[in-house]
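This report concerns only the one structure given below.
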Amino acid sequence: MKSAIVLGAGMIGVATAVHLQQRGWSVVLLDRKEPGLETSYANAGIIQSEAVRPYAMSHDWRELARIALGRSNEVRCRLAGLSRHLGPLLSYWLHSFPVRHTRASEAYAQIIGCAIPEHEVFIRQSNACNLIRCDGFRVLYRRQSALEAAVAAAESCRQAYGVKFSLLTAGELKKAEPALADAGVGALHWLEPWAVLDPGALVCAYADLFTRLGGRLVRGDARSLAKSGSGGWSVIAEDGRLEADAAVVALGPWSPDLLKRFGYRFPMVRKRGYYRHYEGGSRLDLPLCDSANGYVVAPMAKGVRITTGAELTAPSAKPNFSQLAHAEQAARKMIMLGRPLEPEPGYGTRPCMPDMLPVVGAAPHHPGLWLHFGHGHQGFTLGPATGRLIAELMTDKVSMIDPLPYRPERYWHN
Ligand SMILES: Cc1cc2nc3c(=O)[nH]c(=O)nc-3n(C[C@H](O)[C@H](O)[C@H](O)COP(=O)(O)OP(=O)(O)OC[C@H]3O[C@@H](n4cnc5c(N)ncnc54)[C@H](O)[C@@H]3O)c2cc1C
């Protein structure tokens, strides 16, 4: 029986561990915390089957000027400590030009197309149906021109990839969401995505499935990863040293730091996003993105959750809650929000690769070392799909999709 140590128990690591265990591997899943407490907790909880085109950077100079002047709430930039991220950011910007973005979208649409079917299997096997709503989510617009542009983009996704949406007038949106005081000029309703009522709980349900299948969940520091004498890999867990034939790095935003020790320099754009829950106010039926103010408000088990857009800052920078404060102010004009549940907002970090595609495959120079990270804006969506892909690659089976666009070698010269 082959054995593996999976490093990181976010959505990506847990999904990898389940797929390997189901394929007959003996798997240990290691994290310094309980599963699903970092970025895989701190998100909007949408399984985004509509996200067939990865999130690109804007090339519109007016939009870039708004970001630079701090007038956009969708993207905030904190210059202090950002200088060493300029290379990855520039590369991301270059990859966002139409020719490259179209190429990335062709690959991305394929893996996004596997996301709901793969989650569906895990959700059934882990008895987590109570955490899921299958009615999509909505995006509210405040200017007619913005709504028209969004409809044109959605229509092109429908034609190219078959994703389904409907257009709601302000009156129709108000009827669907009576709690809204302000319905803007209308909304786009993506009909097929699924909404998760507690993202961290879904990761825990998948982790429970993993242990029920015979997998072992352990606490430890991934930075202890080393080549073992027997040609495999070892880590130091709380209860001692562990060895396995293979190791999978699934540490989300922390992955590049670990891999530097092995000589790999992966460029990553880390986009922070803040969240907070509110209780005692009115509730929405489905998650709603307020596009003009760059946040999502979602009904969740713990109350209503606000999650913000991207803050580009140094990974170690102290939290700055102004983006969330702006979102909260805008949300209070839209619904009765109630009182904050946590004393302070929390945050997670979207691990974004400059070419907008995750890294899935074998480490070029280290037999038995596998890489699985960089899922950016859609890691919560993609975990079970790319988890299956990497498990298939590790098991030498024909893979469900072409793995070439995700291969780590595309960055190996860095
Ligand atoms: C505000 C916000 C909203 C989002 N909304 C959505 C959404 O609606 N839909 C969607 O699909 N995606 C969304 N995302 C993106 C998604 O949350 C991430 O892509 C995804 O959670 C990344 O998962 P991961 O497992 O790679 O990373 P993580 O969940 O961060 O997991 C990494 C794990 O590694 C562990 N770790 C790190 N260092 C060590 C170490 N040294 N030793 C041991 N363990 C270690 C951590 O404890 C953690 O458990 C959102 C992100 C944010 C921030």
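Ordered as shown in the structure tokens, chains take letters A, B, and onward, while each chain numbers its residues from 1 and ligands are numbered from 1 in the order shown.
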
>> Any residue with an atom at most 7 Å from ligand 1 counts, using only C-alpha atoms and all ligand atoms. Which are they? Put them as a PyMOL selection string.
In response: chain A and resi 7-13+30-33+35-48+220-223+250-254+272-275+307-309+347-351+373-382

Applying 12 Å and only C-alpha atoms, which residues near Ala115 (chain A) remain after dropping the ones on its own chain fewer than 5 positions away? List them as an mmCIF file with all heavy atoms, in the first residue's frame.
```
data_model
loop_
_atom_site.group_PDB
_atom_site.id
_atom_site.type_symbol
_atom_site.label_atom_id
_atom_site.label_comp_id
_atom_site.auth_asym_id
_atom_site.auth_seq_id
_atom_site.Cartn_x
_atom_site.Cartn_y
_atom_site.Cartn_z
ATOM 1 N N ALA A 15 -9.464 17.675 0.658
ATOM 2 C CA ALA A 15 -10.005 17.007 -0.536
ATOM 3 C C ALA A 15 -8.962 16.054 -1.142
ATOM 4 O O ALA A 15 -9.289 14.940 -1.576
ATOM 5 C CB ALA A 15 -10.438 18.051 -1.563
ATOM 6 N N ILE A 46 -19.277 30.130 -1.647
ATOM 7 C CA ILE A 46 -20.018 29.834 -2.886
ATOM 8 C C ILE A 46 -19.225 28.834 -3.727
ATOM 9 O O ILE A 46 -18.031 29.028 -3.978
ATOM 10 C CB ILE A 46 -20.294 31.119 -3.701
ATOM 11 C CG1 ILE A 46 -21.000 32.141 -2.806
ATOM 12 C CG2 ILE A 46 -21.163 30.806 -4.922
ATOM 13 C CD1 ILE A 46 -21.183 33.502 -3.432
ATOM 14 N N ILE A 47 -19.873 27.758 -4.120
ATOM 15 C CA ILE A 47 -19.259 26.783 -5.040
ATOM 16 C C ILE A 47 -19.594 27.309 -6.434
ATOM 17 O O ILE A 47 -20.706 27.183 -6.939
ATOM 18 C CB ILE A 47 -19.791 25.361 -4.764
ATOM 19 C CG1 ILE A 47 -19.473 24.983 -3.305
ATOM 20 C CG2 ILE A 47 -19.185 24.362 -5.752
ATOM 21 C CD1 ILE A 47 -19.959 23.616 -2.866
ATOM 22 N N GLN A 48 -18.566 27.980 -7.001
ATOM 23 C CA GLN A 48 -18.816 28.895 -8.115
ATOM 24 C C GLN A 48 -18.737 28.235 -9.490
ATOM 25 O O GLN A 48 -17.767 28.443 -10.225
ATOM 26 C CB GLN A 48 -17.802 30.037 -8.032
ATOM 27 C CG GLN A 48 -18.057 31.007 -6.898
ATOM 28 C CD GLN A 48 -17.117 32.187 -7.004
ATOM 29 O OE1 GLN A 48 -16.115 32.204 -6.326
ATOM 30 N NE2 GLN A 48 -17.414 33.140 -7.859
ATOM 31 N N SER A 49 -19.781 27.530 -9.869
ATOM 32 C CA SER A 49 -19.759 26.896 -11.184
ATOM 33 C C SER A 49 -19.833 27.919 -12.324
ATOM 34 O O SER A 49 -19.567 27.596 -13.473
ATOM 35 C CB SER A 49 -20.925 25.912 -11.304
ATOM 36 O OG SER A 49 -22.118 26.581 -10.988
ATOM 37 N N GLU A 50 -20.180 29.174 -11.968
ATOM 38 C CA GLU A 50 -20.247 30.218 -13.014
ATOM 39 C C GLU A 50 -18.875 30.820 -13.327
ATOM 40 O O GLU A 50 -18.718 31.515 -14.331
ATOM 41 C CB GLU A 50 -21.225 31.322 -12.577
ATOM 42 C CG GLU A 50 -20.639 32.531 -11.844
ATOM 43 C CD GLU A 50 -19.956 32.214 -10.508
ATOM 44 O OE1 GLU A 50 -20.151 31.104 -9.976
ATOM 45 O OE2 GLU A 50 -19.212 33.081 -10.014
ATOM 46 N N ALA A 51 -17.869 30.526 -12.458
ATOM 47 C CA ALA A 51 -16.569 31.218 -12.577
ATOM 48 C C ALA A 51 -15.685 30.545 -13.620
ATOM 49 O O ALA A 51 -14.552 30.157 -13.353
ATOM 50 C CB ALA A 51 -15.883 31.249 -11.214
ATOM 51 N N VAL A 52 -16.198 30.423 -14.827
ATOM 52 C CA VAL A 52 -15.465 29.714 -15.879
ATOM 53 C C VAL A 52 -14.272 30.518 -16.392
ATOM 54 O O VAL A 52 -13.361 29.969 -17.005
ATOM 55 C CB VAL A 52 -16.405 29.366 -17.059
ATOM 56 C CG1 VAL A 52 -17.319 28.215 -16.698
ATOM 57 C CG2 VAL A 52 -17.221 30.581 -17.478
ATOM 58 N N TYR A 108 -9.474 26.634 -17.347
ATOM 59 C CA TYR A 108 -10.210 26.844 -16.091
ATOM 60 C C TYR A 108 -11.649 26.339 -16.197
ATOM 61 O O TYR A 108 -12.173 25.722 -15.280
ATOM 62 C CB TYR A 108 -10.195 28.340 -15.772
ATOM 63 C CG TYR A 108 -10.286 28.661 -14.304
ATOM 64 C CD1 TYR A 108 -9.292 28.253 -13.429
ATOM 65 C CD2 TYR A 108 -11.354 29.392 -13.779
ATOM 66 C CE1 TYR A 108 -9.357 28.566 -12.080
ATOM 67 C CE2 TYR A 108 -11.425 29.709 -12.434
ATOM 68 C CZ TYR A 108 -10.420 29.291 -11.593
ATOM 69 O OH TYR A 108 -10.486 29.602 -10.247
ATOM 70 N N ALA A 109 -12.277 26.603 -17.343
ATOM 71 C CA ALA A 109 -13.683 26.197 -17.507
ATOM 72 C C ALA A 109 -13.829 24.682 -17.363
ATOM 73 O O ALA A 109 -14.827 24.193 -16.830
ATOM 74 C CB ALA A 109 -14.194 26.656 -18.875
ATOM 75 N N GLN A 110 -12.801 23.963 -17.813
ATOM 76 C CA GLN A 110 -12.864 22.488 -17.708
ATOM 77 C C GLN A 110 -12.865 22.025 -16.259
ATOM 78 O O GLN A 110 -13.669 21.194 -15.860
ATOM 79 C CB GLN A 110 -11.645 21.877 -18.382
ATOM 80 C CG GLN A 110 -11.817 21.722 -19.859
ATOM 81 C CD GLN A 110 -10.720 20.801 -20.395
ATOM 82 O OE1 GLN A 110 -10.313 19.842 -19.748
ATOM 83 N NE2 GLN A 110 -10.255 21.112 -21.572
ATOM 84 N N GLU A 120 -20.516 17.193 -4.979
ATOM 85 C CA GLU A 120 -21.765 16.453 -4.758
ATOM 86 C C GLU A 120 -21.484 15.073 -4.157
ATOM 87 O O GLU A 120 -22.146 14.640 -3.218
ATOM 88 C CB GLU A 120 -22.521 16.323 -6.080
ATOM 89 C CG GLU A 120 -23.932 15.841 -5.902
ATOM 90 C CD GLU A 120 -24.738 15.942 -7.191
ATOM 91 O OE1 GLU A 120 -24.147 16.175 -8.276
ATOM 92 O OE2 GLU A 120 -25.967 15.780 -7.108
ATOM 93 N N VAL A 121 -20.456 14.397 -4.710
ATOM 94 C CA VAL A 121 -20.106 13.065 -4.196
ATOM 95 C C VAL A 121 -19.670 13.169 -2.733
ATOM 96 O O VAL A 121 -20.150 12.438 -1.857
ATOM 97 C CB VAL A 121 -18.972 12.435 -5.049
ATOM 98 C CG1 VAL A 121 -18.544 11.100 -4.475
ATOM 99 C CG2 VAL A 121 -19.408 12.282 -6.501
ATOM 100 N N PHE A 122 -18.768 14.123 -2.450
ATOM 101 C CA PHE A 122 -18.262 14.282 -1.066
ATOM 102 C C PHE A 122 -19.407 14.665 -0.113
ATOM 103 O O PHE A 122 -19.454 14.207 1.022
ATOM 104 C CB PHE A 122 -17.191 15.379 -1.014
ATOM 105 C CG PHE A 122 -15.819 14.942 -1.432
ATOM 106 C CD1 PHE A 122 -15.592 13.737 -2.086
ATOM 107 C CD2 PHE A 122 -14.714 15.744 -1.161
ATOM 108 C CE1 PHE A 122 -14.315 13.349 -2.476
ATOM 109 C CE2 PHE A 122 -13.435 15.373 -1.527
ATOM 110 C CZ PHE A 122 -13.238 14.185 -2.188
ATOM 111 N N ILE A 123 -20.273 15.555 -0.583
ATOM 112 C CA ILE A 123 -21.366 16.031 0.289
ATOM 113 C C ILE A 123 -22.266 14.852 0.660
ATOM 114 O O ILE A 123 -22.669 14.683 1.814
ATOM 115 C CB ILE A 123 -22.169 17.153 -0.419
ATOM 116 C CG1 ILE A 123 -21.327 18.434 -0.447
ATOM 117 C CG2 ILE A 123 -23.509 17.411 0.288
ATOM 118 C CD1 ILE A 123 -21.826 19.502 -1.394
ATOM 119 N N GLU A 192 -26.779 28.337 -11.173
ATOM 120 C CA GLU A 192 -26.297 26.982 -10.861
ATOM 121 C C GLU A 192 -25.346 26.838 -9.673
ATOM 122 O O GLU A 192 -25.217 25.738 -9.140
ATOM 123 C CB GLU A 192 -25.633 26.387 -12.114
ATOM 124 C CG GLU A 192 -26.644 26.200 -13.230
ATOM 125 C CD GLU A 192 -25.982 26.027 -14.589
ATOM 126 O OE1 GLU A 192 -25.167 26.883 -14.961
ATOM 127 O OE2 GLU A 192 -26.289 25.030 -15.259
ATOM 128 N N PRO A 193 -24.649 27.915 -9.248
ATOM 129 C CA PRO A 193 -23.731 27.728 -8.113
ATOM 130 C C PRO A 193 -24.457 27.259 -6.855
ATOM 131 O O PRO A 193 -25.669 27.438 -6.730
ATOM 132 C CB PRO A 193 -23.146 29.136 -7.909
ATOM 133 C CG PRO A 193 -23.266 29.784 -9.235
ATOM 134 C CD PRO A 193 -24.546 29.265 -9.817
ATOM 135 N N TRP A 194 -23.681 26.678 -5.948
ATOM 136 C CA TRP A 194 -24.223 26.248 -4.659
ATOM 137 C C TRP A 194 -23.670 27.166 -3.570
ATOM 138 O O TRP A 194 -22.532 27.617 -3.648
ATOM 139 C CB TRP A 194 -23.814 24.802 -4.361
ATOM 140 C CG TRP A 194 -24.503 23.795 -5.240
ATOM 141 C CD1 TRP A 194 -25.354 24.044 -6.277
ATOM 142 C CD2 TRP A 194 -24.372 22.373 -5.155
ATOM 143 N NE1 TRP A 194 -25.767 22.868 -6.849
ATOM 144 C CE2 TRP A 194 -25.176 21.827 -6.179
ATOM 145 C CE3 TRP A 194 -23.655 21.515 -4.330
ATOM 146 C CZ2 TRP A 194 -25.292 20.458 -6.390
ATOM 147 C CZ3 TRP A 194 -23.763 20.142 -4.532
ATOM 148 C CH2 TRP A 194 -24.577 19.617 -5.547
ATOM 149 N N GLN A 378 -11.042 30.811 -6.201
ATOM 150 C CA GLN A 378 -12.024 29.717 -6.243
ATOM 151 C C GLN A 378 -11.527 28.409 -5.607
ATOM 152 O O GLN A 378 -11.929 27.326 -6.022
ATOM 153 C CB GLN A 378 -12.459 29.460 -7.691
ATOM 154 C CG GLN A 378 -13.615 30.321 -8.149
ATOM 155 C CD GLN A 378 -13.164 31.598 -8.812
ATOM 156 O OE1 GLN A 378 -12.169 31.618 -9.521
ATOM 157 N NE2 GLN A 378 -13.900 32.676 -8.586
ATOM 158 N N GLY A 379 -10.700 28.507 -4.568
ATOM 159 C CA GLY A 379 -10.189 27.285 -3.938
ATOM 160 C C GLY A 379 -11.260 26.487 -3.231
ATOM 161 O O GLY A 379 -11.203 25.251 -3.193
ATOM 162 N N PHE A 380 -12.227 27.189 -2.666
ATOM 163 C CA PHE A 380 -13.298 26.482 -1.970
ATOM 164 C C PHE A 380 -14.133 25.687 -2.991
ATOM 165 O O PHE A 380 -14.566 24.573 -2.741
ATOM 166 C CB PHE A 380 -14.174 27.505 -1.236
ATOM 167 C CG PHE A 380 -15.133 26.881 -0.283
ATOM 168 C CD1 PHE A 380 -14.683 26.299 0.889
ATOM 169 C CD2 PHE A 380 -16.488 26.854 -0.560
ATOM 170 C CE1 PHE A 380 -15.573 25.700 1.771
ATOM 171 C CE2 PHE A 380 -17.375 26.259 0.303
ATOM 172 C CZ PHE A 380 -16.926 25.679 1.478
ATOM 173 N N THR A 381 -14.295 26.265 -4.154
ATOM 174 C CA THR A 381 -15.004 25.595 -5.248
ATOM 175 C C THR A 381 -14.216 24.392 -5.758
ATOM 176 O O THR A 381 -14.759 23.306 -5.985
ATOM 177 C CB THR A 381 -15.187 26.596 -6.418
ATOM 178 O OG1 THR A 381 -15.948 27.696 -5.957
ATOM 179 C CG2 THR A 381 -15.842 25.960 -7.625
ATOM 180 N N LEU A 382 -12.888 24.609 -5.946
ATOM 181 C CA LEU A 382 -12.107 23.658 -6.739
ATOM 182 C C LEU A 382 -11.510 22.481 -5.974
ATOM 183 O O LEU A 382 -11.075 21.502 -6.596
ATOM 184 C CB LEU A 382 -10.960 24.405 -7.442
ATOM 185 C CG LEU A 382 -11.367 25.297 -8.609
ATOM 186 C CD1 LEU A 382 -10.157 26.087 -9.114
ATOM 187 C CD2 LEU A 382 -11.949 24.457 -9.750
ATOM 188 N N GLY A 383 -11.476 22.548 -4.629
ATOM 189 C CA GLY A 383 -10.773 21.518 -3.849
ATOM 190 C C GLY A 383 -11.047 20.089 -4.297
ATOM 191 O O GLY A 383 -10.125 19.354 -4.682
ATOM 192 N N PRO A 384 -12.306 19.638 -4.274
ATOM 193 C CA PRO A 384 -12.553 18.243 -4.638
ATOM 194 C C PRO A 384 -12.197 17.914 -6.093
ATOM 195 O O PRO A 384 -11.824 16.774 -6.401
ATOM 196 C CB PRO A 384 -14.064 18.087 -4.396
ATOM 197 C CG PRO A 384 -14.371 19.117 -3.348
ATOM 198 C CD PRO A 384 -13.490 20.287 -3.698
ATOM 199 N N ALA A 385 -12.283 18.894 -7.007
ATOM 200 C CA ALA A 385 -11.970 18.627 -8.422
ATOM 201 C C ALA A 385 -10.462 18.507 -8.628
ATOM 202 O O ALA A 385 -9.975 17.511 -9.198
ATOM 203 C CB ALA A 385 -12.550 19.737 -9.306
ATOM 204 N N THR A 386 -9.684 19.504 -8.145
ATOM 205 C CA THR A 386 -8.229 19.385 -8.341
ATOM 206 C C THR A 386 -7.655 18.329 -7.394
ATOM 207 O O THR A 386 -6.601 17.746 -7.681
ATOM 208 C CB THR A 386 -7.496 20.734 -8.167
ATOM 209 O OG1 THR A 386 -7.790 21.249 -6.870
ATOM 210 C CG2 THR A 386 -7.907 21.736 -9.217
ATOM 211 N N GLY A 387 -8.368 18.046 -6.280
ATOM 212 C CA GLY A 387 -7.955 16.944 -5.392
ATOM 213 C C GLY A 387 -8.021 15.627 -6.141
ATOM 214 O O GLY A 387 -7.140 14.770 -6.010
ATOM 215 N N ARG A 388 -9.058 15.469 -6.942
ATOM 216 C CA ARG A 388 -9.158 14.239 -7.740
ATOM 217 C C ARG A 388 -8.054 14.197 -8.797
ATOM 218 O O ARG A 388 -7.423 13.150 -9.012
ATOM 219 C CB ARG A 388 -10.543 14.174 -8.412
ATOM 220 C CG ARG A 388 -10.648 13.009 -9.350
ATOM 221 C CD ARG A 388 -12.050 12.762 -9.818
ATOM 222 N NE ARG A 388 -12.036 11.865 -10.958
ATOM 223 C CZ ARG A 388 -13.090 11.550 -11.679
ATOM 224 N NH1 ARG A 388 -14.267 12.056 -11.377
ATOM 225 N NH2 ARG A 388 -12.983 10.739 -12.696
ATOM 226 N N LEU A 389 -7.806 15.368 -9.417
ATOM 227 C CA LEU A 389 -6.772 15.411 -10.463
ATOM 228 C C LEU A 389 -5.416 14.982 -9.901
ATOM 229 O O LEU A 389 -4.728 14.126 -10.487
ATOM 230 C CB LEU A 389 -6.707 16.826 -11.059
ATOM 231 C CG LEU A 389 -5.670 17.055 -12.148
ATOM 232 C CD1 LEU A 389 -5.924 16.156 -13.357
ATOM 233 C CD2 LEU A 389 -5.642 18.522 -12.591
#
```

> Within 8 Å of Leu82 (chain A), counting only C-alpha atoms, which residues qualify if same-chain residues fewer than 4 places away don't, as a PyMOL selection string?
Replying inline: chain A and resi 78+86+312-314

>> as a PyMOL selection string, please: the residues near Ala183 (chain A) (cut-off 12 Å, only C-alpha atoms, same-chain neighbours under 4 positions excluded).
In response: chain A and resi 138-143+168-179+187-188+288-291+331+333-335

> Pick from A:His95, A:Arg407, A:Arg76, A:His85: nearest to His59 (chain A), with only C-alpha atoms counted?
Replying inline: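 Closest to His59 (chain A), using only C-alpha atoms: A:His95.
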
What are the closest atom pairs, with distances in Å to one decimal, for each residue of region 60-121 of chain A lying within 9 Å of region 320-325 of chain A, using only C-alpha atoms, rows by chain and rising residue number, as JSON lines?
```
{"residue": "A:Asn73", "atom": "CA", "partner": "A:Gln323", "partner_atom": "CA", "distance": 6.1}
{"residue": "A:Glu74", "atom": "CA", "partner": "A:Gln323", "partner_atom": "CA", "distance": 8.4}
{"residue": "A:Val75", "atom": "CA", "partner": "A:Gln323", "partner_atom": "CA", "distance": 8.9}
{"residue": "A:Arg76", "atom": "CA", "partner": "A:Gln323", "partner_atom": "CA", "distance": 7.5}
```

>> I'd like the contact shell of region 216-219 of chain A - 12 Å cut-off, only C-alpha atoms, skipping same-chain residues fewer than 6 positions apart - returned as number ranges by chain.
In response: A: 3-9, 13-14, 17-18, 21, 25-35, 204, 206-210, 235-242

> Could you write out, as an MDAnalysis selection string, all the residues of region 218-411 of chain A that DSSP marks as alpha helix (DSSP H)?
Replying inline: chainID A and resid 255:260 322:334 379:394

> Can you tell me how far CA of Met268 (chain A) sits from CA of Met353 (chain A), in Å to one decimal?
Replying inline: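 According to the coordinates, CA of Met268 (chain A) and CA of Met353 (chain A) are separated by 5.0 Å.
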
>> Could you tell me how far CA of Trp370 (chain A) sits from CA of Lys397 (chain A), in Å to one decimal place?
In response: 15.5 Å

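For the pair CA of Gly231 (chain A) and CA of Phe262 (chain A), the interatomic distance is 15.4 Å.
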
Report as a Markdown table the residues of region 113-139 of chain A within 12 Å of region 300-304 of chain A, each with its shortest atom pair and distance in Å (one decimal), using only C-alpha atoms, ordered by chain and increasing residue number.
```
| residue | atom | partner | partner_atom | distance |
| --- | --- | --- | --- | --- |
| A:Asn130 | CA | A:Ala301 | CA | 10.4 |
| A:Leu131 | CA | A:Ala301 | CA | 8.3 |
| A:Ile132 | CA | A:Met300 | CA | 10.2 |
| A:Arg133 | CA | A:Met300 | CA | 10.5 |
```

Selected residues written out with all heavy atoms, as an mmCIF file, in the first residue's frame:
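Contents of part-v8.cif, freshly written:
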```cif
data_model
loop_
_atom_site.group_PDB
_atom_site.id
_atom_site.type_symbol
_atom_site.label_atom_id
_atom_site.label_comp_id
_atom_site.auth_asym_id
_atom_site.auth_seq_id
_atom_site.Cartn_x
_atom_site.Cartn_y
_atom_site.Cartn_z
ATOM 1 N N ASN A 130 -27.232 19.249 4.649
ATOM 2 C CA ASN A 130 -27.861 20.340 5.418
ATOM 3 C C ASN A 130 -27.074 21.657 5.340
ATOM 4 O O ASN A 130 -27.589 22.708 5.723
ATOM 5 C CB ASN A 130 -28.028 19.920 6.893
ATOM 6 C CG ASN A 130 -26.693 19.542 7.505
ATOM 7 O OD1 ASN A 130 -25.814 19.007 6.825
ATOM 8 N ND2 ASN A 130 -26.511 19.835 8.775
ATOM 9 N N LEU A 131 -25.848 21.601 4.841
ATOM 10 C CA LEU A 131 -25.035 22.831 4.759
ATOM 11 C C LEU A 131 -25.177 23.522 3.397
ATOM 12 O O LEU A 131 -24.566 24.566 3.179
ATOM 13 C CB LEU A 131 -23.548 22.494 4.972
ATOM 14 C CG LEU A 131 -23.140 21.994 6.354
ATOM 15 C CD1 LEU A 131 -21.668 21.571 6.363
ATOM 16 C CD2 LEU A 131 -23.366 23.101 7.391
ATOM 17 N N ILE A 132 -25.950 22.930 2.493
ATOM 18 C CA ILE A 132 -25.895 23.379 1.087
ATOM 19 C C ILE A 132 -27.239 23.945 0.604
ATOM 20 O O ILE A 132 -28.292 23.373 0.869
ATOM 21 C CB ILE A 132 -25.530 22.188 0.156
ATOM 22 C CG1 ILE A 132 -24.344 21.399 0.695
ATOM 23 C CG2 ILE A 132 -25.291 22.648 -1.281
ATOM 24 C CD1 ILE A 132 -23.029 22.119 0.735
ATOM 25 N N ARG A 133 -27.190 25.069 -0.142
ATOM 26 C CA ARG A 133 -28.332 25.561 -0.916
ATOM 27 C C ARG A 133 -27.945 25.508 -2.389
ATOM 28 O O ARG A 133 -26.850 25.928 -2.750
ATOM 29 C CB ARG A 133 -28.614 27.037 -0.577
ATOM 30 C CG ARG A 133 -29.398 27.317 0.675
ATOM 31 C CD ARG A 133 -30.887 27.053 0.573
ATOM 32 N NE ARG A 133 -31.609 27.655 -0.533
ATOM 33 C CZ ARG A 133 -32.217 28.833 -0.485
ATOM 34 N NH1 ARG A 133 -32.164 29.578 0.605
ATOM 35 N NH2 ARG A 133 -32.885 29.292 -1.536
#
```

>> Using only C-alpha atoms for the distances, tell me which of A:Gly280, A:Pro199, A:Gly361, A:Pro354 is nearest to Pro88 (chain A).
In response: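 Nearest candidate to Pro88 (chain A) out of A:Gly280, A:Pro199, A:Gly361, A:Pro354: A:Pro354.
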
> Using the chain letters and numbers from this document, which residues of region 134-339 of chain A does DSSP assign to strand (DSSP E), as a ChimeraX atom specification?
Replying inline: /A:137-141,165-169,186-190,194-196,216-219,226-227,233-237,240-244,246-249,269-280,288-290,295-300,303-308,310-312,338-339

> Which one of A:Asp257, A:Tyr264, A:Val163, A:Val269 sits closest to Ser83 (chain A) if you count only C-alpha atoms?
Replying inline: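 Checking each of A:Asp257, A:Tyr264, A:Val163, A:Val269 against Ser83 (chain A), counting only C-alpha atoms, the winner is A:Val269.
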
> Using only C-alpha atoms, which residues sit within 12 Å of Leu369 (chain A) once same-chain residues fewer than 5 positions away are excluded, as a PyMOL selection string?
Replying inline: chain A and resi 4-7+225-228+231-234+244-250+259+262+264+360-364+390+394+408

> With only C-alpha atoms as the atoms that count, which of A:Pro343, A:Pro403, A:Pro54, A:Gly186 lies nearest to Arg276 (chain A)?
Replying inline: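 Counting only C-alpha atoms, the residue closest to Arg276 (chain A) is A:Pro343.
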
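Closest to Arg100 (chain A) among A:Cys129, A:Leu357, A:Gln159, A:Glu148 is A:Leu357, based on only C-alpha atoms.
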